[in-house]
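Heads up: the structure comes next, in structure tokens.
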Amino acid sequence: MSAKPQPIDTLQDIKQMMERSSRFISLSGLSGVAAGCCALVGAWFAYDIIYGSHRSYSTGHTRYYGDPEVDVTTGRGVSLSEFMGNSLFQIALFTFIAALALAFLFTYLRSRKTNTPLWGSQSKRLMWNVAIPMVVGGIYLWKMIQEGIFGLIAPGCLIFYGLALVNASKYTLKEIRYLGFCQIALGLINLWNIGYGIHFWALGFGVLHIIYGIVMWWKYEKG
Amino acid sequence: MKNIIENLNKIFDNRIRLGIMSALMVNQDLSFNELKELMQVTDGNLASHLKPLEESGYLLVQKGFIGKKTNTTYSATQLGVKAFKAHLTALEEMIRSTR
């Protein structure tokens with residue numbers, strides 16, 4: 001009898017295998033920290049443009065619908081080409097790419113350590129479930145930009161990103177759910193504080209990511 | 001106590017076979033290679049454990065191709081799900097009886 005594995009251990013094994021086979025567990029906390037740092041650097045540059053120069057943003061508020069600069073009669077704020085050339089957009093794009101690349105790197109390193117495939121069925125499922133709210137959100141926000149509703153962009157980013165994380169939590173470390181809730185909450189608060197978009201951005205994409213990353217690293221990877 | 005042990009399914013007394021069934025409880029289907037990565041065992045070892053599960057009617061095997069490579073996927077049959085649940089219940093009962 002004593003040679004047989006204890007039933008409680010067997011149940012633990014079963015639970016572990018179910019988790020391992022259904023969730024992508026190699027997501028590194030350091031990915032969160034790196035992405036957060038990128039976001040803070042990006043926000044610092046963006047802040048400089050918004051408040052530092054004498055361009056149309058220098059009123060201290062992001063333009064929003066109803067702003068005299070936006071042509072309400074046609075309902076169109078800016079064309080896409082105008083927007084692509086916008087330095088704020090370029091900073092956002094560059095920040096996003098840098099954050100993604102660094103996040104990918106740390107998770108890649110972790111997946112080698114935990115011996116799980118980076119591109120297995122678990123990570124594919126995770127990617128899909130992150131992508132759906134993100135792509136839909138992206139299209140929605142792009143339309144808002146075309147309509148010139150700039151004030152709602154920052155809260156929109158936070159809300160859709162938060163929804164993506166909540167959705168993703170079923171397929172990776174479940175703590176990411178709380179990060180998602182926090183992002184959604186920030187986005188919603190931001191809706192009633194239009195004009196402080198950059199602050200909420202830095203808080204959500206920067207500070208929250210770093211806190212989450214440190215907590216996760218401490219919990220799963222330390223030592 | 002003896003009675004409870006008899007409720008345990010003999011097929012599941014192996015860690016790898018139990019692992020295969022656990023993974024298939026939460027995944028609709030898994031390929032041979034995915035199972036191999038999850039269990040961290042060799043091809044031969046995995047195949048030898050898949051066989052008794054298949055023979056008991058617990059696994060549904062689907063052979064397919066990805067390009068020229070064979071791609072065999074496995075899923076749990078209704079019988080397999082039932083047997084696994086019964087095994088879990090038996091394990092839980094054992095824990096309860098020893099407390």
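Going through the structure tokens in order, the chains are called A, B, and so on, while each chain numbers its residues from 1 and the ligands are numbered from 1 in the order shown.
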Long-range neighbours of range 83-98 of chain A as a PyMOL selection string, 9 Å cut-off, only C-alpha atoms, 2 positions minimum in chain: chain A and resi 35+38-39+41-43+45-46+49-50+78-81+100-103+145-146
Counting only C-alpha atoms, chain B residues within 6 Å of chain A, as a PyMOL selection string: chain B and resi 22-23+91
Point-to-point distance from CA of Gly32 in chain A to CA of Leu188 in chain A, Å rounded to tenths: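 CA of Leu188 in chain A lies 22.0 Å from CA of Gly32 in chain A.
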Among listed residues A:Ala164, A:Ala202, A:Ile176, A:Ile189, nearest Met127 in chain A (using only C-alpha atoms): A:Ala164
Neighbour list for Ile211 in chain A as a count of residues only, cut-off 12 Å, only C-alpha atoms, skip fewer than 5 positions in-chain: 20
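Of the residues under consideration (B:Met39, B:Thr73, B:Gly64, B:Asp29), B:Met39 shows the shortest atom-to-atom contact distance to Arg17 in chain B when counting only C-alpha atoms.
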Nearest-residue call for Leu46 in chain B, choices B:Leu59, B:Ile20, B:Val81, B:Leu88, using only C-alpha atoms: B:Ile20
Two-atom distance - CA of Arg110 in chain A, CA of Lys174 in chain A (Å): 17.3 Å
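Here CA of Ser48 in chain B is placed at a distance of 25.4 Å from CA of Ala90 in chain B.
Across A:Ser169, A:Tyr140, A:Ser28, A:Ile210, the tightest approach to Thr114 in chain A is made by A:Ser28 when counting only C-alpha atoms.
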Residue list (helix (DSSP H, G or I), DSSP) for range 71-172 of chain A, as a PyMOL selection string: chain A and resi 80-84+87-114+121-147+150-168
Residue neighbourhood Leu191 in chain A, 9 Å, only C-alpha atoms, exclusion window fewer than 6 positions, as number ranges by chain: A: 151-152, 154-156, 197
Spatial neighbours of Asn9 in chain B, 7 Å, only C-alpha atoms, chain gap at least 3 places, as an MDAnalysis selection string: chainID B and resid 12:13 87
Store the residues picked out above in a file with all heavy atoms, as a PDB file, in the first residue's frame.
```pdb
ATOM      1  N   PHE B  12      -6.012   3.451 -15.157  1.00  0.00           N
ATOM      2  CA  PHE B  12      -5.522   4.775 -14.768  1.00  0.00           C
ATOM      3  C   PHE B  12      -4.471   4.720 -13.665  1.00  0.00           C
ATOM      4  O   PHE B  12      -4.120   5.752 -13.107  1.00  0.00           O
ATOM      5  CB  PHE B  12      -6.692   5.653 -14.305  1.00  0.00           C
ATOM      6  CG  PHE B  12      -7.680   5.938 -15.391  1.00  0.00           C
ATOM      7  CD1 PHE B  12      -9.042   5.911 -15.140  1.00  0.00           C
ATOM      8  CD2 PHE B  12      -7.252   6.240 -16.681  1.00  0.00           C
ATOM      9  CE1 PHE B  12      -9.958   6.171 -16.147  1.00  0.00           C
ATOM     10  CE2 PHE B  12      -8.162   6.509 -17.694  1.00  0.00           C
ATOM     11  CZ  PHE B  12      -9.516   6.464 -17.418  1.00  0.00           C
ATOM     12  N   ASP B  13      -3.994   3.530 -13.312  1.00  0.00           N
ATOM     13  CA  ASP B  13      -3.009   3.509 -12.219  1.00  0.00           C
ATOM     14  C   ASP B  13      -1.611   3.877 -12.711  1.00  0.00           C
ATOM     15  O   ASP B  13      -0.664   3.931 -11.936  1.00  0.00           O
ATOM     16  CB  ASP B  13      -3.023   2.182 -11.443  1.00  0.00           C
ATOM     17  CG  ASP B  13      -2.553   1.017 -12.299  1.00  0.00           C
ATOM     18  OD1 ASP B  13      -2.094   1.271 -13.423  1.00  0.00           O
ATOM     19  OD2 ASP B  13      -2.668  -0.146 -11.841  1.00  0.00           O
ATOM     20  N   HIS B  87     -13.251   7.318 -11.784  1.00  0.00           N
ATOM     21  CA  HIS B  87     -11.950   7.178 -11.147  1.00  0.00           C
ATOM     22  C   HIS B  87     -11.692   8.340 -10.183  1.00  0.00           C
ATOM     23  O   HIS B  87     -11.215   8.149  -9.062  1.00  0.00           O
ATOM     24  CB  HIS B  87     -10.863   7.131 -12.228  1.00  0.00           C
ATOM     25  CG  HIS B  87      -9.501   6.840 -11.705  1.00  0.00           C
ATOM     26  ND1 HIS B  87      -9.126   5.592 -11.258  1.00  0.00           N
ATOM     27  CD2 HIS B  87      -8.408   7.635 -11.550  1.00  0.00           C
ATOM     28  CE1 HIS B  87      -7.865   5.641 -10.849  1.00  0.00           C
ATOM     29  NE2 HIS B  87      -7.414   6.863 -11.023  1.00  0.00           N
TER      30      HIS B  87
END
```
